$ cat entry-v6.cif   # mmCIF, N, CA and C atoms
data_coords
#
loop_
_atom_site.label_atom_id
_atom_site.label_comp_id
_atom_site.auth_asym_id
_atom_site.auth_seq_id
_atom_site.Cartn_x
_atom_site.Cartn_y
_atom_site.Cartn_z
N MET E 1 0.77 -4.37 5.92
CA MET E 1 1.77 -4.53 4.90
C MET E 1 2.18 -3.16 4.34
N THR E 2 1.19 -2.35 3.93
CA THR E 2 1.55 -1.08 3.31
C THR E 2 2.24 -0.14 4.29
N PHE E 3 1.90 -0.23 5.57
CA PHE E 3 2.57 0.61 6.57
C PHE E 3 4.06 0.28 6.61
N PHE E 4 4.39 -1.00 6.71
CA PHE E 4 5.79 -1.38 6.84
C PHE E 4 6.58 -1.10 5.57
N ILE E 5 5.97 -1.28 4.41
CA ILE E 5 6.66 -0.96 3.16
C ILE E 5 6.86 0.55 3.04
N SER E 6 5.81 1.33 3.31
CA SER E 6 5.91 2.79 3.23
C SER E 6 6.93 3.33 4.21
N ARG E 7 6.90 2.80 5.42
CA ARG E 7 7.85 3.28 6.44
C ARG E 7 9.28 2.96 6.01
N ARG E 8 9.47 1.78 5.46
CA ARG E 8 10.83 1.41 5.04
C ARG E 8 11.35 2.33 3.93
N ILE E 9 10.46 2.76 3.04
CA ILE E 9 10.86 3.61 1.92
C ILE E 9 11.02 5.06 2.35
N ARG E 10 10.11 5.57 3.18
CA ARG E 10 10.09 7.00 3.51
C ARG E 10 10.82 7.37 4.79
N ALA E 11 10.87 6.47 5.75
CA ALA E 11 11.49 6.80 7.04
C ALA E 11 12.87 6.15 7.12
N LEU E 12 13.86 6.89 6.68
CA LEU E 12 15.19 6.32 6.53
C LEU E 12 16.07 6.46 7.77
N THR E 13 15.63 7.23 8.75
CA THR E 13 16.41 7.39 9.97
C THR E 13 15.62 6.81 11.15
N PRO E 14 16.31 6.48 12.22
CA PRO E 14 15.60 5.97 13.39
C PRO E 14 14.56 6.95 13.93
N ALA E 15 14.86 8.25 13.88
CA ALA E 15 13.91 9.25 14.37
C ALA E 15 12.64 9.26 13.52
N ARG E 16 12.81 9.17 12.23
CA ARG E 16 11.63 9.14 11.36
C ARG E 16 10.83 7.86 11.54
N ARG E 17 11.52 6.72 11.71
CA ARG E 17 10.80 5.47 11.97
C ARG E 17 10.01 5.57 13.26
N ALA E 18 10.59 6.19 14.26
CA ALA E 18 9.87 6.37 15.53
C ALA E 18 8.66 7.27 15.33
N GLY E 19 8.81 8.31 14.50
CA GLY E 19 7.68 9.19 14.20
C GLY E 19 6.56 8.44 13.50
N TRP E 20 6.91 7.59 12.57
CA TRP E 20 5.90 6.77 11.89
C TRP E 20 5.22 5.83 12.87
N ASP E 21 5.99 5.23 13.77
CA ASP E 21 5.41 4.33 14.77
C ASP E 21 4.44 5.07 15.68
N ARG E 22 4.84 6.29 16.12
CA ARG E 22 3.94 7.09 16.96
C ARG E 22 2.66 7.44 16.21
N LEU E 23 2.82 7.81 14.94
CA LEU E 23 1.65 8.15 14.13
C LEU E 23 0.72 6.95 14.01
N TYR E 24 1.26 5.78 13.79
CA TYR E 24 0.44 4.58 13.68
C TYR E 24 -0.27 4.29 15.01
N ASP E 25 0.44 4.53 16.10
CA ASP E 25 -0.14 4.27 17.43
C ASP E 25 -1.21 5.28 17.82
N THR E 26 -1.09 6.53 17.37
CA THR E 26 -1.97 7.59 17.86
C THR E 26 -3.04 8.06 16.89
N GLU E 27 -2.93 7.75 15.61
CA GLU E 27 -3.87 8.26 14.60
C GLU E 27 -4.71 7.12 14.01
N PRO E 28 -5.96 6.98 14.46
CA PRO E 28 -6.81 5.92 13.92
C PRO E 28 -7.01 6.01 12.41
N GLU E 29 -7.08 7.23 11.86
CA GLU E 29 -7.26 7.38 10.42
C GLU E 29 -6.05 6.86 9.65
N PHE E 30 -4.87 7.03 10.22
CA PHE E 30 -3.64 6.55 9.59
C PHE E 30 -3.65 5.02 9.55
N ARG E 31 -4.05 4.41 10.65
CA ARG E 31 -4.16 2.95 10.68
C ARG E 31 -5.20 2.47 9.68
N THR E 32 -6.33 3.15 9.61
CA THR E 32 -7.39 2.77 8.67
C THR E 32 -6.89 2.88 7.23
N LEU E 33 -6.17 3.95 6.93
CA LEU E 33 -5.61 4.12 5.59
C LEU E 33 -4.78 2.91 5.20
N HIS E 34 -3.92 2.47 6.08
CA HIS E 34 -3.04 1.34 5.76
C HIS E 34 -3.78 0.01 5.78
N ARG E 35 -4.74 -0.13 6.63
CA ARG E 35 -5.52 -1.38 6.63
C ARG E 35 -6.34 -1.51 5.36
N VAL E 36 -6.97 -0.44 4.93
CA VAL E 36 -7.76 -0.47 3.69
C VAL E 36 -6.84 -0.71 2.49
N SER E 37 -5.70 -0.04 2.47
CA SER E 37 -4.75 -0.24 1.38
C SER E 37 -4.27 -1.69 1.32
N THR E 38 -3.94 -2.25 2.46
CA THR E 38 -3.49 -3.63 2.51
C THR E 38 -4.59 -4.58 2.04
N ALA E 39 -5.82 -4.33 2.47
CA ALA E 39 -6.94 -5.18 2.04
C ALA E 39 -7.15 -5.05 0.53
N GLY E 40 -7.04 -3.84 0.01
CA GLY E 40 -7.19 -3.65 -1.44
C GLY E 40 -6.15 -4.42 -2.23
N TRP E 41 -4.90 -4.33 -1.79
CA TRP E 41 -3.84 -5.10 -2.45
C TRP E 41 -4.11 -6.60 -2.35
N GLY E 42 -4.53 -7.05 -1.19
CA GLY E 42 -4.81 -8.47 -1.01
C GLY E 42 -5.91 -8.96 -1.93
N VAL E 43 -6.99 -8.20 -2.03
CA VAL E 43 -8.11 -8.60 -2.89
C VAL E 43 -7.67 -8.66 -4.35
N VAL E 44 -6.96 -7.66 -4.80
CA VAL E 44 -6.53 -7.62 -6.20
C VAL E 44 -5.56 -8.76 -6.50
N LEU E 45 -4.61 -9.02 -5.62
CA LEU E 45 -3.63 -10.07 -5.89
C LEU E 45 -4.26 -11.47 -5.84
N VAL E 46 -5.20 -11.68 -4.94
CA VAL E 46 -5.89 -12.97 -4.91
C VAL E 46 -6.76 -13.15 -6.15
N ALA E 47 -7.46 -12.10 -6.56
CA ALA E 47 -8.29 -12.18 -7.77
C ALA E 47 -7.43 -12.41 -9.01
N GLU E 48 -6.31 -11.75 -9.08
CA GLU E 48 -5.40 -11.92 -10.21
C GLU E 48 -4.87 -13.36 -10.26
N SER E 49 -4.51 -13.90 -9.12
CA SER E 49 -4.03 -15.28 -9.07
C SER E 49 -5.14 -16.27 -9.45
N ALA E 50 -6.34 -16.03 -8.98
CA ALA E 50 -7.46 -16.90 -9.30
C ALA E 50 -7.77 -16.85 -10.79
N ALA E 51 -7.74 -15.66 -11.37
CA ALA E 51 -8.00 -15.54 -12.81
C ALA E 51 -6.95 -16.30 -13.62
N ARG E 52 -5.70 -16.15 -13.23
CA ARG E 52 -4.65 -16.87 -13.95
C ARG E 52 -4.79 -18.38 -13.78
N LEU E 53 -5.16 -18.82 -12.60
CA LEU E 53 -5.34 -20.25 -12.35
C LEU E 53 -6.45 -20.82 -13.23
N VAL E 54 -7.56 -20.12 -13.32
CA VAL E 54 -8.67 -20.57 -14.17
C VAL E 54 -8.24 -20.60 -15.63
N LEU E 55 -7.57 -19.53 -16.07
CA LEU E 55 -7.18 -19.44 -17.47
C LEU E 55 -6.12 -20.48 -17.86
N ILE E 56 -5.32 -20.90 -16.91
CA ILE E 56 -4.32 -21.95 -17.18
C ILE E 56 -5.01 -23.21 -17.69
N TYR E 57 -6.16 -23.53 -17.11
CA TYR E 57 -6.88 -24.74 -17.50
C TYR E 57 -7.76 -24.53 -18.74
N LEU E 58 -8.07 -23.29 -19.07
CA LEU E 58 -8.94 -23.03 -20.21
C LEU E 58 -8.20 -22.73 -21.51
N LEU E 59 -6.99 -22.22 -21.41
CA LEU E 59 -6.25 -21.79 -22.60
C LEU E 59 -4.99 -22.63 -22.79
N PRO E 60 -4.51 -22.70 -24.01
CA PRO E 60 -3.26 -23.42 -24.26
C PRO E 60 -2.08 -22.74 -23.55
N ALA E 61 -1.08 -23.52 -23.22
CA ALA E 61 0.10 -23.01 -22.52
C ALA E 61 0.79 -21.91 -23.31
N SER E 62 0.83 -22.04 -24.62
CA SER E 62 1.50 -21.02 -25.44
C SER E 62 0.82 -19.66 -25.33
N VAL E 63 -0.49 -19.65 -25.14
CA VAL E 63 -1.23 -18.40 -24.97
C VAL E 63 -1.01 -17.84 -23.56
N MET E 64 -1.03 -18.71 -22.58
CA MET E 64 -0.91 -18.27 -21.18
C MET E 64 0.46 -17.71 -20.85
N VAL E 65 1.48 -18.12 -21.58
CA VAL E 65 2.83 -17.59 -21.30
C VAL E 65 2.83 -16.07 -21.38
N GLY E 66 2.28 -15.53 -22.45
CA GLY E 66 2.23 -14.07 -22.60
C GLY E 66 1.08 -13.43 -21.85
N LEU E 67 -0.06 -14.10 -21.83
CA LEU E 67 -1.24 -13.54 -21.17
C LEU E 67 -1.05 -13.42 -19.66
N SER E 68 -0.35 -14.36 -19.07
CA SER E 68 -0.13 -14.33 -17.63
C SER E 68 0.60 -13.06 -17.20
N THR E 69 1.62 -12.70 -17.96
CA THR E 69 2.35 -11.48 -17.66
C THR E 69 1.47 -10.25 -17.85
N ALA E 70 0.68 -10.25 -18.89
CA ALA E 70 -0.22 -9.11 -19.15
C ALA E 70 -1.24 -8.96 -18.03
N ILE E 71 -1.77 -10.07 -17.56
CA ILE E 71 -2.74 -10.03 -16.45
C ILE E 71 -2.07 -9.47 -15.19
N GLU E 72 -0.88 -9.95 -14.91
CA GLU E 72 -0.16 -9.48 -13.73
C GLU E 72 0.13 -7.99 -13.80
N LEU E 73 0.63 -7.53 -14.94
CA LEU E 73 0.95 -6.11 -15.08
C LEU E 73 -0.30 -5.24 -15.00
N THR E 74 -1.40 -5.71 -15.57
CA THR E 74 -2.66 -4.97 -15.49
C THR E 74 -3.14 -4.87 -14.05
N ALA E 75 -3.08 -5.97 -13.33
CA ALA E 75 -3.52 -5.98 -11.93
C ALA E 75 -2.67 -5.06 -11.08
N ILE E 76 -1.35 -5.14 -11.23
CA ILE E 76 -0.45 -4.31 -10.43
C ILE E 76 -0.63 -2.83 -10.77
N THR E 77 -0.74 -2.53 -12.08
CA THR E 77 -0.95 -1.14 -12.48
C THR E 77 -2.26 -0.60 -11.90
N GLY E 78 -3.30 -1.41 -11.95
CA GLY E 78 -4.60 -0.99 -11.42
C GLY E 78 -4.56 -0.75 -9.92
N VAL E 79 -3.94 -1.64 -9.19
CA VAL E 79 -3.92 -1.47 -7.73
C VAL E 79 -2.99 -0.34 -7.31
N VAL E 80 -1.93 -0.09 -8.06
CA VAL E 80 -1.07 1.06 -7.77
C VAL E 80 -1.85 2.36 -8.01
N ALA E 81 -2.58 2.42 -9.12
CA ALA E 81 -3.39 3.61 -9.41
C ALA E 81 -4.44 3.82 -8.33
N TRP E 82 -5.08 2.75 -7.90
CA TRP E 82 -6.08 2.86 -6.83
C TRP E 82 -5.43 3.33 -5.53
N THR E 83 -4.25 2.81 -5.22
CA THR E 83 -3.55 3.20 -3.99
C THR E 83 -3.23 4.69 -4.01
N VAL E 84 -2.75 5.19 -5.13
CA VAL E 84 -2.43 6.62 -5.25
C VAL E 84 -3.70 7.45 -5.08
N TRP E 85 -4.77 7.04 -5.75
CA TRP E 85 -6.05 7.76 -5.64
C TRP E 85 -6.53 7.75 -4.18
N TYR E 86 -6.50 6.60 -3.55
CA TYR E 86 -6.99 6.47 -2.18
C TYR E 86 -6.15 7.31 -1.22
N ARG E 87 -4.85 7.31 -1.41
CA ARG E 87 -3.99 8.10 -0.53
C ARG E 87 -4.24 9.59 -0.72
N ARG E 88 -4.40 10.02 -1.97
CA ARG E 88 -4.69 11.45 -2.21
C ARG E 88 -6.03 11.85 -1.61
N ARG E 89 -7.02 10.98 -1.74
CA ARG E 89 -8.34 11.26 -1.15
C ARG E 89 -8.22 11.36 0.37
N SER E 90 -7.43 10.49 0.95
CA SER E 90 -7.26 10.50 2.40
C SER E 90 -6.42 11.68 2.87
N ALA E 91 -5.55 12.18 2.00
CA ALA E 91 -4.70 13.31 2.38
C ALA E 91 -5.53 14.54 2.69
N GLY E 92 -6.69 14.64 2.09
CA GLY E 92 -7.57 15.77 2.35
C GLY E 92 -8.09 15.78 3.78
N ARG E 93 -7.96 14.69 4.47
CA ARG E 93 -8.43 14.60 5.86
C ARG E 93 -7.31 14.87 6.85
N GLY E 94 -6.23 15.47 6.40
CA GLY E 94 -5.16 15.86 7.32
C GLY E 94 -4.10 14.79 7.54
N LEU E 95 -4.22 13.65 6.89
CA LEU E 95 -3.23 12.60 7.11
C LEU E 95 -1.87 12.97 6.54
N GLU E 96 -1.87 13.67 5.42
CA GLU E 96 -0.59 14.04 4.82
C GLU E 96 0.18 14.99 5.73
N LYS E 97 -0.52 15.91 6.40
CA LYS E 97 0.15 16.82 7.34
C LYS E 97 0.74 16.04 8.51
N ALA E 98 -0.04 15.10 9.03
CA ALA E 98 0.46 14.27 10.14
C ALA E 98 1.64 13.42 9.69
N LEU E 99 1.57 12.90 8.49
CA LEU E 99 2.67 12.10 7.97
C LEU E 99 3.92 12.95 7.78
N HIS E 100 3.75 14.17 7.29
CA HIS E 100 4.89 15.07 7.13
C HIS E 100 5.53 15.36 8.49
N LYS E 101 4.69 15.56 9.52
CA LYS E 101 5.23 15.78 10.86
C LYS E 101 6.00 14.56 11.32
N ALA E 102 5.50 13.38 11.04
CA ALA E 102 6.20 12.15 11.45
C ALA E 102 7.51 12.02 10.71
N ASP E 103 7.57 12.48 9.47
CA ASP E 103 8.79 12.38 8.68
C ASP E 103 9.85 13.36 9.14
N THR E 104 9.44 14.51 9.71
CA THR E 104 10.40 15.55 10.02
C THR E 104 10.66 15.76 11.51
N ALA E 105 9.72 15.32 12.35
CA ALA E 105 9.86 15.56 13.79
C ALA E 105 10.91 14.63 14.39
N PRO E 106 11.73 15.14 15.28
CA PRO E 106 12.67 14.26 15.98
C PRO E 106 11.92 13.36 16.96
N ALA E 107 12.51 12.24 17.23
CA ALA E 107 11.89 11.29 18.15
C ALA E 107 11.95 11.84 19.57
N ALA E 108 10.92 11.54 20.34
CA ALA E 108 10.91 11.94 21.74
C ALA E 108 11.94 11.10 22.51
N VAL E 109 12.64 11.74 23.41
CA VAL E 109 13.68 11.03 24.16
C VAL E 109 13.15 10.66 25.52
#
$ encode --input "entry-v6.cif" --output "structure tokens"
Amino acid sequence: MTFFISRRIRALTPARRAGWDRLYDTEPEFRTLHRVSTAGWGVVLVAESAARLVLIYLLPASVMVGLSTAIELTAITGVVAWTVWYRRRSAGRGLEKALHKADTAPAAV
């Protein structure tokens, strides 16, 4: 999931999309980065949904109207912060350089 979203945002030309595809195909660390990120998002979103589902039955509807949004925003903010931290930590392993090459290198013909 995170690979396709990131590629759609950062790789705006066909050559850059091809570079991202090559990077995904050839760099195991790049694939791991996106798999871990996707799993992290999945865990947080499922936990957030489960928490809201439980609270729906425990709290009055008038309370849950506002609390539900607060829970969602907290979960999204937390997972975005974690994603940024994880990506920066992974950048130290040379992934950012490889990603920059994928963003700027022309596609092989």
$ axis_aligned_box --input "entry-v6.cif" --around "segment 18-24 of chain E" --padding-each-side "4 Å" --output "lines of an AutoDock Vina configuration file"
center_x = 5.2
center_y = 6.7
center_z = 14.4
size_x = 18.9
size_y = 12.9
size_z = 13.1
$ atom_distance --input "entry-v6.cif" --atom1 "atom N of Leu58 of chain E" --atom2 "atom C of Ala75 of chain E"
20.6 Å
$ atom_distance --input "entry-v6.cif" --atom1 "atom N of Leu33 of chain E" --atom2 "atom N of Arg87 of chain E"
9.1 Å
$ atom_distance --input "entry-v6.cif" --atom1 "atom CA of Thr83 of chain E" --atom2 "atom N of Leu53 of chain E"
23.7 Å
$ closest_residue --input "entry-v6.cif" --among "E:Arg52, E:Arg89, E:His34, E:Arg7" --to "Asp21 of chain E" --atoms "all atoms listed in the file"
E:Arg7
$ closest_residue --input "entry-v6.cif" --among "E:Arg88, E:Ser49, E:Gly40, E:Thr2" --to "Tyr24 of chain E" --atoms "only C-alpha atoms"
E:Thr2
$ closest_residue --input "entry-v6.cif" --among "E:Glu48, E:Arg31, E:Pro14, E:Val54" --to "Glu72 of chain E" --atoms "all atoms listed in the file"
E:Glu48
$ resolve_selection --input "entry-v6.cif" --expression "the PyMOL selection byres (((chain E and resi 1 and name CA) around 9) and name CA)" --output "compact mmCIF listing (two decimals) with N, CA and C atoms, in the frame of the given file"
# COMPACT_ATOMS: atom_id res chain seq x y z
N THR E 2 1.19 -2.35 3.93
CA THR E 2 1.55 -1.08 3.31
C THR E 2 2.24 -0.14 4.29
N PHE E 3 1.90 -0.23 5.57
CA PHE E 3 2.57 0.61 6.57
C PHE E 3 4.06 0.28 6.61
N PHE E 4 4.39 -1.00 6.71
CA PHE E 4 5.79 -1.38 6.84
C PHE E 4 6.58 -1.10 5.57
N ILE E 5 5.97 -1.28 4.41
CA ILE E 5 6.66 -0.96 3.16
C ILE E 5 6.86 0.55 3.04
N SER E 6 5.81 1.33 3.31
CA SER E 6 5.91 2.79 3.23
C SER E 6 6.93 3.33 4.21
N HIS E 34 -3.92 2.47 6.08
CA HIS E 34 -3.04 1.34 5.76
C HIS E 34 -3.78 0.01 5.78
N ARG E 35 -4.74 -0.13 6.63
CA ARG E 35 -5.52 -1.38 6.63
C ARG E 35 -6.34 -1.51 5.36
N SER E 37 -5.70 -0.04 2.47
CA SER E 37 -4.75 -0.24 1.38
C SER E 37 -4.27 -1.69 1.32
N THR E 38 -3.94 -2.25 2.46
CA THR E 38 -3.49 -3.63 2.51
C THR E 38 -4.59 -4.58 2.04
$ closest_residue --input "entry-v6.cif" --among "E:Leu67, E:Leu73, E:Val79, E:Leu59" --to "Trp41 of chain E" --atoms "all atoms listed in the file"
E:Val79
